[in-house]
Number of protein chains: 2
Amino acid sequence: MRIIHKLLIGGILLTSFNALATLESWQGESKRQIMDFVSSAVDPSNELFVPVAERIAVFDNDGTLWAEQPMYFQAIYAIDYIKKNAKDNPKWRDVPMINDILNGTAKDKQYDVKEILQMVMLSHGGMNTDQFSSQVGAWLATAKHPKTGLKYNEMIYQPMVELLTYLRENDFKTYIVSGGGVEFMRVWASDVYGIPPEQIIGSTVKTEYVVNGGKPQIMRKPEMDFLDDKAGKPVNINRIIGRKPVIAVGNSDGDREMLEWSTSGEGARLGILIHHTDSEREWAYDKDSHVGRLDQALNQAKRENWLVVDMKNDWLSVFKAASGKTN
Amino acid sequence: MRIIHKLLIGGILLTSFNALATLESWQGESKRQIMDFVSSAVDPSNELFVPVAERIAVFDNDGTLWAEQPMYFQAIYAIDYIKKNAKDNPKWRDVPMINDILNGTAKDKQYDVKEILQMVMLSHGGMNTDQFSSQVGAWLATAKHPKTGLKYNEMIYQPMVELLTYLRENDFKTYIVSGGGVEFMRVWASDVYGIPPEQIIGSTVKTEYVVNGGKPQIMRKPEMDFLDDKAGKPVNINRIIGRKPVIAVGNSDGDREMLEWSTSGEGARLGILIHHTDSEREWAYDKDSHVGRLDQALNQAKRENWLVVDMKNDWLSVFKAASGKTN
C-alpha cells in the first residue's frame with residue numbers, strides 16, 4: 001500500500017486512491033478531527049507537516065485497542081493458569097491475591113494495577129520465553145470471555161484497527177505502549193493489529209540469558225522488572241523509541257503522563273482519550289471504575305484540548321468480531 | 001531503493017539493478033560468505049530463505065561500526081565533559097576513576113567496562129535529555145581524535161556502512177546493540193549509519209518523567225539503569241525487539257552471548273566477528289587489549305563457524321572519512 005501511495009504521488013496510478021483505508025466505523029467530530037490532523041501532517045505545504053521519520057503514534061492497549069472488563073484479560077489468563085497449575089506450585093499462596101483466587105475470595109476484594117500486575121508477573125515466571133508464548137497461545141485458542149462469549153483476541157475494537165491502518169497508510173509508525181506484559185501481547189497483537197513485535201512496548205518481568213543443555217534461551221523470572229504505566233510510559237518511550245510521539249492514544253489515568261508528554265512542545269500533536277460510554281455494546285465507566293479508571297486525565301483533556309472519543313456516539317461498530325469487517 | 005527493488009522483481013525496471021549497494025570495500029572469503037548468506041535469505045525457493053519480518057540484523061557499535069582505541073569514544077566525551085565542569089560538581093571526586101582523571105593519574109591505571117560505564121553514566125546525569133543531546137552534539141562538532149585528527153563520527157568503518165546499506169536494501173532491519181549509552185549514540189548514529197533512533201539499543205541511566213515549570217521532560221539521573229553488554233545483550237534484544245536476530249555482528253567478548261544466542265536454533269543464522277588486525281590503518285588487538293578484548297569469543301567462533309573478518313586483508317578501506325566514498 002505504501003508503494004501504491006508513493007506511485008500516486010508520482011501521478012502514475014491516480015485511480016487507486018480509494019484503495020486507501022478509511023475510518024468507516026467512525027463518525028462525527030472525532031472522525032473529522034483525526035482526519036484533519038492527519039491531512040495536515042502529511043501535507044508538506046502545511047505548517048503542521050510532520051516528516052515521515054517523526055510520525056510516531058503510540059497506543060495504550062487495555063481499554064484502548066481491546067476491552068478490559070470485567071478485569072484485564074491478562075489477569076484472567078493469569079488466574080486460569082494459576083488455578084490449573086497451583087498444585088505444582090505451593091509457594092504461590094504466599095502472594096495474597098493468588099491465595100484469595102485459590103480460596104475463591106478474590107471476587108469480594110479490589111486490587112490496584114500494581115497488585116494485579118505483580119500477581120500476573122509472578123504467575124508468568126519460572127519458564128523460558130518460548131514456553132510462555134506457547135502457554136498464552138494455547139489459552140487464547142480456547143478461552144472465552146464470560147460476558148460476550150468471544151475469544152479474547154476477538155474483543156479488539158474495529159474502529160481502532162481502522163485507525164491503526166489509516167495511520168500506517170499515511171506513513172505513521174504505530175506502537176503499543178501498555179501496562180500489560182510485553183511478551184503476553186507479542187503472542188497475538190501482531191496478528192490482530194498489524195503491529196510487529198519490535199513496536200510493542202509493555203511491562204516486563206526480569207529475564208536472564210542462560211544456556212541449558214547447550215541450548216541458549218531467555219528465562220523469565222517471577223519478578224517485576226519495569227511497570228509500563230503512568231510516568232513509566234514516557235520514560236519507556238524515550239528509552240526504547242527515543243523520540244516524542246506525535247499522536248498518543250489512551251483511555252485511563254494510566255495514560256495521562258504519556259498524553260501530557262506527547263502533546264507538549266512545538267508542532268503538530270494529537271492526544272486522544274477513548275471514553276467508555278456504551279453500556280449496551282460494551283461497558284460504560286470512567287472515574288469510579290477500579291479497572292481503567294479515567295478521572296484526572298479526563299479533566300486534563302478539557303484543559304489541554306485532547307480529543308475525547310465518545311464510544312457510544314462516535315463509533316458505528318465496537319468489536320471487530322461482531323462488525324463483519326476485515327482490514 | 002526498496003521500491004526500485006520491488007519493481008525489479010516485478011520485471012518493470014530491469015536496467016536499475018546496478019543501483020543496488022555492493023560491498024565494494026570488501027574482498028575475499030568474508031565478502032563471499034556474506035553475499036552467499038544474503039542471497040539465500042532473500043530467495044523464497046532456498047531452504048535458508050528468511051521472511052522479511054524476521055530479517056533482523058544486530059550490530060555492536062564500539063569496535064564494530066566505529067573505532068574504540070585508545071578508549072571508548074564515549075569515555076573520551078565523558079572525560080572532556082568532566083574536566084570542563086568539575087569545578088561546579090565537587091561530588092564527582094567521590095568516584096575513584098573521576099578523581100584519577102582530575103588528578104591526571106588515570107592514564108597509569110586500567111578500568112574494566114563496568115567501571116568505565118559507571119563513570120560515563122555518572123558524568124551524564126543531572127540534566128534532561130535535550131540538554132544532554134546538545135552537550136554531545138557540541139562536543140562532536142569540535143573534538144578531534146588524538147591519533148587520526150579526525151572527528152569521532154568520521155571514524156566509522158566504510159565497509160560496515162556498506163554492509164548496513166546492503167542489508168537494508170535486502171529488507172533487513174538493522175539495529176545497533178551496544179554497551180555504549182543509548183542517548184549518546186542517538187545524537188549522531190542515525191546520520192552516519194542510517195539507523196533511526198528506535199533501532200538503537202544501548203546502556204541506560206535511570207530516567208524520570210518530571211514536569212518543570214509546566215514543561216514535561218525526561219530527566220537523566222546519575223545512576224546506572226541497564227548495562228547492555230555480555231548476557232545483557234540477548235536480554236535487551238528479547239525485551240526490545242522481541243525476536244531472535246538472524247545476523248549478529250560484534251568484535252569483542254562483550255558480544256559473545258549476543259552471537260551465541262542469535263546463531264542458535266533452526267534456519268539461516270550468521271554470526272560475524274570483526275577482528276582488529278590492521279596496525280597500520282587502524283589498530284591490531286585482541287585477547288590482551290583492555291578495550292574491546294576478544295578472547296573467548298574468538299575461540300568460540302572456530303567451534304561455531306562464525307565468520308571472522310580480518311580487517312587487514314578483507315577490507316579495502318577502513319575509515320569512511322578517508323575512503324572518499326559516499327553511500
# chains A, B, ... in the order shown; residues from 1 in each chain; ligands from 1

$ interface_residues --of "chain A" --to "chain B" --cutoff "6 Å" --atoms "only C-alpha atoms" --output "PyMOL selection string"
chain A and resi 197-198+209+216+231+241-242+261

$ residues_around --residues "Leu102 (chain B)" --least-positions-apart "5" --cutoff "9 Å" --atoms "only C-alpha atoms" --output "PyMOL selection string"
chain B and resi 79+82-83+86+93+97

$ residues_around --residues "Val38 (chain A)" --least-positions-apart "3" --cutoff "9 Å" --atoms "only C-alpha atoms" --output "list in words"
Gln33, Ile34, Met35, Ala41, Val42, Asp43, Phe49, Leu167 and Asn170 of chain A

$ write_last_selection --atoms "N, CA and C atoms" --output "compact mmCIF listing (two decimals), in the first residue's frame"
# COMPACT_ATOMS: atom_id res chain seq x y z
N GLN A 33 -11.84 15.43 13.31
CA GLN A 33 -10.60 15.94 13.92
C GLN A 33 -9.39 15.06 13.59
N ILE A 34 -9.60 13.75 13.64
CA ILE A 34 -8.49 12.83 13.32
C ILE A 34 -8.05 13.01 11.86
N MET A 35 -9.03 13.05 10.97
CA MET A 35 -8.68 13.16 9.54
C MET A 35 -8.06 14.52 9.21
N ALA A 41 -0.69 16.72 8.67
CA ALA A 41 0.61 16.13 8.99
C ALA A 41 1.33 15.61 7.74
N VAL A 42 0.59 15.18 6.74
CA VAL A 42 1.23 14.59 5.56
C VAL A 42 1.37 15.60 4.41
N ASP A 43 0.96 16.84 4.64
CA ASP A 43 0.99 17.86 3.59
C ASP A 43 2.21 18.76 3.77
N PHE A 49 2.91 20.12 9.08
CA PHE A 49 3.52 18.96 8.42
C PHE A 49 4.48 18.25 9.38
N LEU A 167 -3.44 5.27 9.89
CA LEU A 167 -2.20 5.96 10.24
C LEU A 167 -1.01 5.35 9.51
N ASN A 170 -0.63 6.36 6.09
CA ASN A 170 -0.12 7.72 5.99
C ASN A 170 1.28 7.82 6.60

$ residues_around --residues "Ala248 (chain A)" --least-positions-apart "5" --cutoff "7 Å" --atoms "only C-alpha atoms" --output "PyMOL selection string"
chain A and resi 57-59+258-259+262+270-272

$ write_last_selection --atoms "N, CA, C and O atoms" --output "PDB file, in the first residue's frame"
ATOM      1  N   ALA A  57       3.133   7.122  16.386  1.00  0.00           N
ATOM      2  CA  ALA A  57       1.846   7.117  17.089  1.00  0.00           C
ATOM      3  C   ALA A  57       1.855   5.988  18.108  1.00  0.00           C
ATOM      4  O   ALA A  57       2.138   4.844  17.764  1.00  0.00           O
ATOM      5  N   VAL A  58       1.552   6.314  19.374  1.00  0.00           N
ATOM      6  CA  VAL A  58       1.580   5.312  20.447  1.00  0.00           C
ATOM      7  C   VAL A  58       0.174   5.060  20.966  1.00  0.00           C
ATOM      8  O   VAL A  58      -0.611   5.997  21.154  1.00  0.00           O
ATOM      9  N   PHE A  59      -0.139   3.802  21.200  1.00  0.00           N
ATOM     10  CA  PHE A  59      -1.461   3.384  21.651  1.00  0.00           C
ATOM     11  C   PHE A  59      -1.343   2.543  22.916  1.00  0.00           C
ATOM     12  O   PHE A  59      -0.634   1.532  22.918  1.00  0.00           O
ATOM     13  N   MET A 258       1.641   9.920  29.485  1.00  0.00           N
ATOM     14  CA  MET A 258       2.016   9.662  28.082  1.00  0.00           C
ATOM     15  C   MET A 258       1.393  10.718  27.170  1.00  0.00           C
ATOM     16  O   MET A 258       2.055  11.258  26.277  1.00  0.00           O
ATOM     17  N   LEU A 259       0.122  11.037  27.406  1.00  0.00           N
ATOM     18  CA  LEU A 259      -0.535  12.055  26.586  1.00  0.00           C
ATOM     19  C   LEU A 259       0.039  13.443  26.872  1.00  0.00           C
ATOM     20  O   LEU A 259       0.259  14.238  25.964  1.00  0.00           O
ATOM     21  N   SER A 262       3.509  13.640  25.228  1.00  0.00           N
ATOM     22  CA  SER A 262       3.445  13.579  23.762  1.00  0.00           C
ATOM     23  C   SER A 262       2.846  14.842  23.156  1.00  0.00           C
ATOM     24  O   SER A 262       3.198  15.223  22.035  1.00  0.00           O
ATOM     25  N   LEU A 270      -1.270  15.375  18.766  1.00  0.00           N
ATOM     26  CA  LEU A 270      -2.657  14.959  18.969  1.00  0.00           C
ATOM     27  C   LEU A 270      -2.742  13.963  20.127  1.00  0.00           C
ATOM     28  O   LEU A 270      -2.116  12.904  20.090  1.00  0.00           O
ATOM     29  N   GLY A 271      -3.524  14.325  21.153  1.00  0.00           N
ATOM     30  CA  GLY A 271      -3.822  13.410  22.258  1.00  0.00           C
ATOM     31  C   GLY A 271      -5.260  12.941  22.125  1.00  0.00           C
ATOM     32  O   GLY A 271      -6.151  13.751  21.861  1.00  0.00           O
ATOM     33  N   ILE A 272      -5.459  11.646  22.276  1.00  0.00           N
ATOM     34  CA  ILE A 272      -6.813  11.087  22.152  1.00  0.00           C
ATOM     35  C   ILE A 272      -7.116  10.224  23.377  1.00  0.00           C
ATOM     36  O   ILE A 272      -6.297   9.391  23.774  1.00  0.00           O
TER      37      ILE A 272
END

$ closest_residue --among "B:Asn61, B:Ile116, B:Asn89, B:Arg256" --to "Tyr175 (chain B)" --atoms "only C-alpha atoms"
B:Asn61

$ select_by_dssp --residues "region 202-281 of chain B" --states "alpha helix (DSSP H)" --output "number ranges by chain"
B: 232-240, 256-262

$ closest_residue --among "A:Met224, A:Val308, A:Ala284, A:Met127" --to "Asn251 (chain A)" --atoms "only C-alpha atoms"
A:Val308

$ closest_residue --among "B:Glu115, B:Lys84, B:Val192, B:Thr174" --to "Val246 (chain B)" --atoms "only C-alpha atoms"
B:Thr174

$ residues_around --residues "Asp295 (chain A)" --least-positions-apart "5" --cutoff "7 Å" --atoms "only C-alpha atoms" --output "list in words"
Asp253, Asp286 and Lys287 of chain A

$ write_last_selection --atoms "N, CA and C atoms" --output "JSON list (two decimals), in the first residue's frame"
[["chain", "number", "residue", "atom", "x", "y", "z"],
["A", 253, "ASP", "N", -6.34, 6.94, 33.45],
["A", 253, "ASP", "CA", -5.35, 7.78, 34.14],
["A", 253, "ASP", "C", -3.93, 7.21, 33.99],
["A", 286, "ASP", "N", -15.93, 5.30, 33.98],
["A", 286, "ASP", "CA", -14.80, 6.23, 33.99],
["A", 286, "ASP", "C", -14.24, 6.41, 35.39],
["A", 287, "LYS", "N", -14.61, 7.49, 36.09],
["A", 287, "LYS", "CA", -13.86, 7.81, 37.33],
["A", 287, "LYS", "C", -14.09, 6.86, 38.49]]

$ residues_around --residues "Pro146 (chain B)" --least-positions-apart "5" --cutoff "10 Å" --atoms "only C-alpha atoms" --output "list of chain:residue names"
B:Gln69, B:Pro70, B:Lys151, B:Tyr152

$ write_last_selection --atoms "N, CA and C atoms" --output "short mmCIF file (atom, residue, chain, number, x, y, z; two decimals), in the first residue's frame"
data_model
loop_
_atom_site.label_atom_id
_atom_site.label_comp_id
_atom_site.auth_asym_id
_atom_site.auth_seq_id
_atom_site.Cartn_x
_atom_site.Cartn_y
_atom_site.Cartn_z
N GLN B 69 39.68 2.78 20.03
CA GLN B 69 41.00 2.98 20.64
C GLN B 69 41.40 4.45 20.64
N PRO B 70 42.13 4.96 21.58
CA PRO B 70 42.76 4.24 22.70
C PRO B 70 41.77 3.89 23.80
N LYS B 151 37.37 13.90 13.28
CA LYS B 151 36.26 13.97 14.22
C LYS B 151 35.83 12.54 14.55
N TYR B 152 35.28 12.34 15.76
CA TYR B 152 34.99 10.97 16.17
C TYR B 152 33.96 10.30 15.27
#

$ atom_distance --atom1 "CA of Asp255 (chain B)" --atom2 "CA of Gly28 (chain B)"
24.2 Å

$ select_by_dssp --residues "region 137-242 of chain A" --states "strand (DSSP E or B)" --output "PyMOL selection string"
chain A and resi 144+151+156-157+173-181+200-212+215-226

$ atom_distance --atom1 "CA of Leu140 (chain B)" --atom2 "CA of Asn153 (chain B)"
7.2 Å

$ residues_around --residues "Asp314 (chain A)" --least-positions-apart "2" --cutoff "12 Å" --atoms "only C-alpha atoms" --output "number ranges by chain"
A: 23-34, 159-160, 274-278, 307-312, 316-318

$ atom_distance --atom1 "CA of Trp92 (chain A)" --atom2 "CA of Gly213 (chain A)"
27.6 Å

$ closest_residue --among "B:Ser190, B:Gln74, B:Thr105, B:Asn85" --to "Val136 (chain B)" --atoms "only C-alpha atoms"
B:Gln74
